[in-house]
Amino acid sequence: MIDRIGEDLGFFQTAINLRQQRQEVLAANIANADTPNYKARDFDFSSALQDVMTERMRLADTKLTLTSPRHIPGAAASSDSAELLYRQPLQPSLDGNTVDMDVERVQFADNTMRYQSDLTIISQRIKTMLAALQQ
Amino acid sequence: MSSMTIFDIAGSALAAQSQRMNVTASNMANANSVVGPDGQPYKAREVVFQMAPVPGQAYSQAVGGVRVASVVESNAPAKLQYDPKNPLADENGYVAMPNVDMVAETVNMISASRSYQANVEVINTAKSLMSRTLSIGQ
C-alpha cells in the first residue's frame, strides 16, 4: 500500500526535481548575461522527463583503477538526468555571449509557474489521499 | 546539485556585478585625476567576467555562477588636453588626462545595475518557490 503511494508521488517528485534543475540552468544563464564567450544552456523538459521515467540506460560513474601512486586519477561522471543543450541565439553579441535576457526571463517565469503548479497538484494529491485514508 | 545551488549562482552574479559597479564608480570618480600614485595619469579599469562552474559536474554539462577573473587596465590612449600653463604639461603644452570614457562608463553602470536587478529577482523567485516547496502537504 505504502509502495503504491510512493509510486504515485514519484512522478511528481521527478517532475519537480527536473523543474528545479532547469531553474538552476536558467539562473546560471541570467547570472552569466555579461560573461564573454558564455553560451546559454537549456534542456528540453519533456524529453528529459520521459528519459527519467523510462529509466534510460545510463552509464555509471567510472574511475580509473590506480595501480601506481604516479597514475593520474581519471574519473568520468555521467550527467544527472537532463542533457544540457546550447540555445540558438537570436541576437548573438560581439563578445561571443549568447544569453538573450528576454528569452531567459520569459523561460524563467514560465518555469516558475510550472513549478508552482506542480506543487499545487502534489499538495492536492496528498490531500486527496489523506481524505481517502480517513474514510 | 543541491537545491541551494541557485542561491550560490545568483549570489555570485550579485557580487560580480557590484564589483563591476565599484570599478565604474572608481573610473568616474577619477576621470580628472591627472596624477595617480605612480605619477602617471589614472587609467580606466575594466572587470573581466568568467563563468565559475559549480563543482562536481561533468565538464560539458556544467552550469555555474560568475566570478571576476581579473581587473584589467584599459589601454586606450590618454586624452591630451592643451593647457600650457599647467605644470604637468609636456614641451608642446599638452597635459595627459585619464583615458576614462564617461559615456561608456555610464552605459556600463546602467548595464550592471540592470543585471543586478535581474539576479535579485531570480533570488526572490527561488526563495518563494523554496518556501512553497517546504509547505507541501500542509
# chains A, B, ... in the order shown; residues from 1 in each chain; ligands from 1
>>> residues_around(residues="region 124-131 of chain B", least_positions_apart="2", cutoff="9 Å", atoms="only C-alpha atoms", output="PyMOL selection string")
(chain A and resi 23+109+112+115-116) or (chain B and resi 3+6-7+119-122+133-135)
>>> write_last_selection(atoms="all heavy atoms", output="compact mmCIF listing (two decimals), in the first residue's frame")
# COMPACT_ATOMS: atom_id res chain seq x y z
N GLN A 23 15.49 25.38 -13.41
CA GLN A 23 15.54 26.69 -12.76
C GLN A 23 17.00 27.09 -12.53
O GLN A 23 17.37 28.24 -12.75
CB GLN A 23 14.80 26.59 -11.43
CG GLN A 23 14.36 27.89 -10.84
CD GLN A 23 13.07 28.39 -11.43
OE1 GLN A 23 12.67 27.97 -12.50
NE2 GLN A 23 12.42 29.30 -10.76
N ALA A 109 10.29 32.71 -15.86
CA ALA A 109 8.94 32.93 -15.33
C ALA A 109 8.04 31.74 -15.65
O ALA A 109 7.28 31.27 -14.79
CB ALA A 109 8.36 34.21 -15.92
N THR A 112 8.96 28.89 -13.41
CA THR A 112 8.49 29.15 -12.06
C THR A 112 7.01 28.80 -11.94
O THR A 112 6.59 28.14 -10.99
CB THR A 112 8.67 30.64 -11.73
OG1 THR A 112 10.02 30.98 -11.93
CG2 THR A 112 8.28 30.94 -10.30
N TYR A 115 6.52 25.09 -12.03
CA TYR A 115 6.97 24.52 -10.74
C TYR A 115 5.88 24.69 -9.70
O TYR A 115 5.53 23.76 -8.98
CB TYR A 115 8.24 25.24 -10.32
CG TYR A 115 8.98 24.69 -9.11
CD1 TYR A 115 10.17 24.00 -9.27
CD2 TYR A 115 8.52 24.89 -7.83
CE1 TYR A 115 10.86 23.51 -8.18
CE2 TYR A 115 9.19 24.41 -6.73
CZ TYR A 115 10.38 23.72 -6.91
OH TYR A 115 11.05 23.25 -5.82
N GLN A 116 5.30 25.90 -9.66
CA GLN A 116 4.25 26.16 -8.68
C GLN A 116 3.03 25.31 -8.95
O GLN A 116 2.39 24.82 -8.01
CB GLN A 116 3.88 27.63 -8.69
CG GLN A 116 4.93 28.46 -7.98
CD GLN A 116 4.56 29.91 -7.93
OE1 GLN A 116 3.84 30.42 -8.79
NE2 GLN A 116 5.05 30.60 -6.94
N SER B 3 19.60 21.84 -3.80
CA SER B 3 18.60 22.84 -4.18
C SER B 3 19.04 24.25 -3.82
O SER B 3 18.40 25.21 -4.18
CB SER B 3 17.28 22.51 -3.51
OG SER B 3 17.49 22.41 -2.13
N ILE B 6 21.07 27.38 -6.55
CA ILE B 6 20.55 28.54 -7.27
C ILE B 6 20.91 29.83 -6.53
O ILE B 6 21.20 30.86 -7.15
CB ILE B 6 19.03 28.37 -7.47
CG1 ILE B 6 18.53 29.32 -8.54
CG2 ILE B 6 18.25 28.52 -6.22
CD1 ILE B 6 17.22 28.88 -9.10
N PHE B 7 20.96 29.76 -5.19
CA PHE B 7 21.34 30.95 -4.43
C PHE B 7 22.82 31.27 -4.63
O PHE B 7 23.19 32.44 -4.72
CB PHE B 7 21.03 30.75 -2.95
CG PHE B 7 19.57 30.68 -2.65
CD1 PHE B 7 18.97 29.48 -2.34
CD2 PHE B 7 18.78 31.82 -2.72
CE1 PHE B 7 17.61 29.41 -2.10
CE2 PHE B 7 17.42 31.75 -2.47
CZ PHE B 7 16.84 30.54 -2.16
N ASN B 119 19.17 39.49 -11.23
CA ASN B 119 19.59 38.42 -10.33
C ASN B 119 18.89 38.49 -8.99
O ASN B 119 18.62 37.45 -8.38
CB ASN B 119 21.10 38.44 -10.16
CG ASN B 119 21.79 37.86 -11.35
OD1 ASN B 119 21.71 36.67 -11.57
ND2 ASN B 119 22.44 38.69 -12.14
N VAL B 120 18.58 39.71 -8.54
CA VAL B 120 17.81 39.83 -7.30
C VAL B 120 16.44 39.19 -7.49
O VAL B 120 15.93 38.48 -6.60
CB VAL B 120 17.67 41.31 -6.90
CG1 VAL B 120 16.65 41.47 -5.80
CG2 VAL B 120 18.99 41.87 -6.43
N GLU B 121 15.87 39.38 -8.67
CA GLU B 121 14.56 38.76 -8.91
C GLU B 121 14.65 37.25 -8.95
O GLU B 121 13.75 36.55 -8.49
CB GLU B 121 13.96 39.31 -10.20
CG GLU B 121 13.12 40.54 -9.91
CD GLU B 121 12.64 41.23 -11.17
OE1 GLU B 121 12.09 40.53 -12.03
OE2 GLU B 121 12.83 42.45 -11.26
N VAL B 122 15.76 36.76 -9.52
CA VAL B 122 15.95 35.31 -9.53
C VAL B 122 15.98 34.78 -8.10
O VAL B 122 15.32 33.78 -7.77
CB VAL B 122 17.26 34.95 -10.26
CG1 VAL B 122 17.64 33.50 -10.00
CG2 VAL B 122 17.13 35.19 -11.74
N THR B 133 7.77 24.97 -1.51
CA THR B 133 8.10 23.54 -1.53
C THR B 133 8.10 22.98 -0.11
O THR B 133 7.68 21.85 0.12
CB THR B 133 9.48 23.34 -2.17
OG1 THR B 133 9.51 24.06 -3.39
CG2 THR B 133 9.75 21.89 -2.44
N LEU B 134 8.59 23.80 0.83
CA LEU B 134 8.65 23.33 2.21
C LEU B 134 7.26 23.14 2.80
O LEU B 134 7.09 22.40 3.76
CB LEU B 134 9.43 24.32 3.07
CG LEU B 134 10.93 24.31 2.84
CD1 LEU B 134 11.59 25.40 3.64
CD2 LEU B 134 11.50 22.96 3.19
N SER B 135 6.26 23.80 2.22
CA SER B 135 4.92 23.69 2.80
C SER B 135 4.05 22.72 2.01
O SER B 135 2.82 22.81 2.06
CB SER B 135 4.27 25.06 2.88
OG SER B 135 4.09 25.56 1.58
>>> closest_atom_pairs(of="chain B", to="chain A", cutoff="7 Å", atoms="only C-alpha atoms", output="tab-separated table")
residue	atom	partner	partner_atom	distance
B:Ile6	CA	A:Glu24	CA	5.3
B:Ile9	CA	A:Ala28	CA	6.0
B:Ala10	CA	A:Ala31	CA	5.7
B:Ala13	CA	A:Ala31	CA	5.0
B:Phe49	CA	A:Thr35	CA	5.1
B:Gln50	CA	A:Thr35	CA	5.8
B:Met51	CA	A:Asn32	CA	6.8
B:Ala58	CA	A:Ala77	CA	5.7
B:Gln61	CA	A:Leu84	CA	5.9
B:Val63	CA	A:Ala28	CA	6.2
B:Gly64	CA	A:Ala28	CA	5.5
B:Gly65	CA	A:Ala28	CA	5.6
B:Val66	CA	A:Asn32	CA	5.9
B:Asn119	CA	A:Ala31	CA	6.5
B:Val122	CA	A:Ala27	CA	6.6
B:Thr133	CA	A:Leu119	CA	6.7
B:Ile136	CA	A:Ser123	CA	5.6
B:Gly137	CA	A:Ser123	CA	4.8
>>> write_last_selection(atoms="N, CA, C and O atoms", output="compact mmCIF listing (two decimals), in the first residue's frame")
# COMPACT_ATOMS: atom_id res chain seq x y z
N ILE B 6 21.07 27.38 -6.55
CA ILE B 6 20.55 28.54 -7.27
C ILE B 6 20.91 29.83 -6.53
O ILE B 6 21.20 30.86 -7.15
N ILE B 9 24.52 30.57 -7.33
CA ILE B 9 24.69 31.08 -8.69
C ILE B 9 24.30 32.55 -8.78
O ILE B 9 25.09 33.39 -9.22
N ALA B 10 23.08 32.85 -8.30
CA ALA B 10 22.63 34.23 -8.41
C ALA B 10 23.43 35.14 -7.47
O ALA B 10 23.72 36.29 -7.81
N ALA B 13 26.61 36.22 -9.02
CA ALA B 13 26.38 37.27 -10.02
C ALA B 13 26.19 38.62 -9.33
O ALA B 13 26.67 39.64 -9.83
N PHE B 49 34.76 39.17 -16.65
CA PHE B 49 33.92 38.13 -16.04
C PHE B 49 34.30 36.78 -16.59
O PHE B 49 34.72 36.64 -17.72
N GLN B 50 34.10 35.78 -15.73
CA GLN B 50 34.38 34.41 -16.14
C GLN B 50 33.33 33.51 -15.50
O GLN B 50 32.91 33.78 -14.37
N MET B 51 32.95 32.47 -16.19
CA MET B 51 31.98 31.55 -15.60
C MET B 51 32.69 30.68 -14.57
O MET B 51 33.80 30.23 -14.80
N ALA B 58 30.05 17.19 -14.69
CA ALA B 58 30.80 16.86 -15.88
C ALA B 58 31.09 18.15 -16.65
O ALA B 58 30.29 19.07 -16.64
N GLN B 61 28.58 19.46 -19.15
CA GLN B 61 27.23 19.69 -18.63
C GLN B 61 27.25 20.73 -17.51
O GLN B 61 26.31 20.81 -16.73
N VAL B 63 26.97 23.92 -15.26
CA VAL B 63 26.37 25.24 -15.13
C VAL B 63 27.01 25.88 -13.91
O VAL B 63 27.57 25.21 -13.07
N GLY B 64 26.94 27.18 -13.83
CA GLY B 64 27.55 27.81 -12.68
C GLY B 64 27.34 29.30 -12.68
O GLY B 64 26.71 29.86 -13.57
N GLY B 65 27.86 29.92 -11.65
CA GLY B 65 27.73 31.35 -11.49
C GLY B 65 28.83 32.09 -12.25
O GLY B 65 29.38 31.57 -13.21
N VAL B 66 29.11 33.27 -11.80
CA VAL B 66 30.08 34.10 -12.49
C VAL B 66 31.05 34.64 -11.45
O VAL B 66 30.70 34.79 -10.28
N ASN B 119 19.17 39.49 -11.23
CA ASN B 119 19.59 38.42 -10.33
C ASN B 119 18.89 38.49 -8.99
O ASN B 119 18.62 37.45 -8.38
N VAL B 122 15.76 36.76 -9.52
CA VAL B 122 15.95 35.31 -9.53
C VAL B 122 15.98 34.78 -8.10
O VAL B 122 15.32 33.78 -7.77
N THR B 133 7.77 24.97 -1.51
CA THR B 133 8.10 23.54 -1.53
C THR B 133 8.10 22.98 -0.11
O THR B 133 7.68 21.85 0.12
N ILE B 136 4.69 21.79 1.29
CA ILE B 136 3.90 20.77 0.57
C ILE B 136 3.09 19.97 1.58
O ILE B 136 3.61 19.56 2.61
N GLY B 137 1.82 19.74 1.25
CA GLY B 137 1.00 18.86 2.08
C GLY B 137 0.44 19.52 3.31
O GLY B 137 -0.09 18.82 4.17
>>> residues_around(residues="Val48 (chain B)", least_positions_apart="6", cutoff="7 Å", atoms="only C-alpha atoms", output="PyMOL selection string")
chain B and resi 68-71
>>> write_last_selection(atoms="all heavy atoms", output="mmCIF file, in the first residue's frame")
data_model
loop_
_atom_site.group_PDB
_atom_site.id
_atom_site.type_symbol
_atom_site.label_atom_id
_atom_site.label_comp_id
_atom_site.auth_asym_id
_atom_site.auth_seq_id
_atom_site.Cartn_x
_atom_site.Cartn_y
_atom_site.Cartn_z
ATOM 1 N N VAL B 68 34.690 37.370 -11.010
ATOM 2 C CA VAL B 68 35.543 38.355 -11.657
ATOM 3 C C VAL B 68 36.926 37.742 -11.784
ATOM 4 O O VAL B 68 37.597 37.484 -10.782
ATOM 5 C CB VAL B 68 35.574 39.650 -10.844
ATOM 6 C CG1 VAL B 68 36.551 40.623 -11.454
ATOM 7 C CG2 VAL B 68 34.196 40.270 -10.801
ATOM 8 N N ALA B 69 37.326 37.425 -13.015
ATOM 9 C CA ALA B 69 38.618 36.773 -13.228
ATOM 10 C C ALA B 69 39.752 37.744 -12.955
ATOM 11 O O ALA B 69 40.751 37.393 -12.336
ATOM 12 C CB ALA B 69 38.694 36.238 -14.648
ATOM 13 N N SER B 70 39.608 38.974 -13.410
ATOM 14 C CA SER B 70 40.664 39.958 -13.180
ATOM 15 C C SER B 70 40.109 41.351 -13.433
ATOM 16 O O SER B 70 39.046 41.503 -14.008
ATOM 17 C CB SER B 70 41.849 39.695 -14.117
ATOM 18 O OG SER B 70 41.418 39.767 -15.447
ATOM 19 N N VAL B 71 40.843 42.316 -12.967
ATOM 20 C CA VAL B 71 40.520 43.705 -13.268
ATOM 21 C C VAL B 71 41.675 44.221 -14.121
ATOM 22 O O VAL B 71 42.812 44.238 -13.666
ATOM 23 C CB VAL B 71 40.372 44.542 -11.990
ATOM 24 C CG1 VAL B 71 40.072 45.982 -12.334
ATOM 25 C CG2 VAL B 71 39.264 43.984 -11.121
#
>>> closest_residue(among="B:Ile123, B:Arg67, B:Glu105, B:Asn99", to="Ala16 (chain B)", atoms="only C-alpha atoms")
B:Arg67
>>> atom_distance(atom1="CA of Asp8 (chain B)", atom2="CA of Ala52 (chain B)")
10.6 Å
>>> select_by_dssp(residues="chain A", states="helix (DSSP H, G or I)", output="NGL selection string")
:A and (2-31 or 45-53 or 101-133)
>>> residues_around(residues="Ala44 (chain B)", least_positions_apart="2", cutoff="8 Å", atoms="only C-alpha atoms", output="PDB file with N, CA and C atoms, in the first residue's frame")
ATOM      1  N   ASN B  27      36.301  54.649 -11.849  1.00  0.00           N
ATOM      2  CA  ASN B  27      36.656  55.296 -13.109  1.00  0.00           C
ATOM      3  C   ASN B  27      36.037  56.682 -13.216  1.00  0.00           C
ATOM      4  N   TYR B  42      45.637  58.610 -14.194  1.00  0.00           N
ATOM      5  CA  TYR B  42      44.811  57.435 -13.866  1.00  0.00           C
ATOM      6  C   TYR B  42      44.410  56.702 -15.135  1.00  0.00           C
ATOM      7  N   GLU B  46      38.755  47.870 -16.112  1.00  0.00           N
ATOM      8  CA  GLU B  46      37.592  47.093 -16.533  1.00  0.00           C
ATOM      9  C   GLU B  46      37.645  45.738 -15.850  1.00  0.00           C
ATOM     10  N   GLU B  73      43.586  47.038 -16.783  1.00  0.00           N
ATOM     11  CA  GLU B  73      43.638  48.465 -17.109  1.00  0.00           C
ATOM     12  C   GLU B  73      43.350  48.642 -18.588  1.00  0.00           C
ATOM     13  N   SER B  74      42.548  49.601 -18.897  1.00  0.00           N
ATOM     14  CA  SER B  74      42.262  49.889 -20.299  1.00  0.00           C
ATOM     15  C   SER B  74      43.520  50.432 -20.957  1.00  0.00           C
ATOM     16  N   PRO B  98      43.363  61.286 -17.865  1.00  0.00           N
ATOM     17  CA  PRO B  98      42.968  59.869 -17.810  1.00  0.00           C
ATOM     18  C   PRO B  98      42.158  59.456 -19.033  1.00  0.00           C
ATOM     19  N   ASN B  99      42.297  58.168 -19.403  1.00  0.00           N
ATOM     20  CA  ASN B  99      41.603  57.682 -20.602  1.00  0.00           C
ATOM     21  C   ASN B  99      40.201  57.177 -20.274  1.00  0.00           C
ATOM     22  N   VAL B 100      39.527  57.847 -19.335  1.00  0.00           N
ATOM     23  CA  VAL B 100      38.177  57.418 -18.939  1.00  0.00           C
ATOM     24  C   VAL B 100      37.166  57.937 -19.948  1.00  0.00           C
TER      25      VAL B 100
END
>>> residues_around(residues="region 112-118 of chain B", least_positions_apart="5", cutoff="7 Å", atoms="only C-alpha atoms", output="list in words")
Leu14, Gln17, Arg20 and Met21 of chain B
>>> write_last_selection(atoms="C-alpha atoms", output="short mmCIF file (atom, residue, chain, number, x, y, z; two decimals), in the first residue's frame")
data_model
loop_
_atom_site.label_atom_id
_atom_site.label_comp_id
_atom_site.auth_asym_id
_atom_site.auth_seq_id
_atom_site.Cartn_x
_atom_site.Cartn_y
_atom_site.Cartn_z
CA LEU B 14 25.35 39.88 -7.45
CA GLN B 17 28.01 42.92 -10.78
CA ARG B 20 31.75 45.96 -11.77
CA MET B 21 29.79 48.91 -10.40
#
>>> select_by_dssp(residues="chain A", states="strand (DSSP E or B)", output="count of residues only")
8
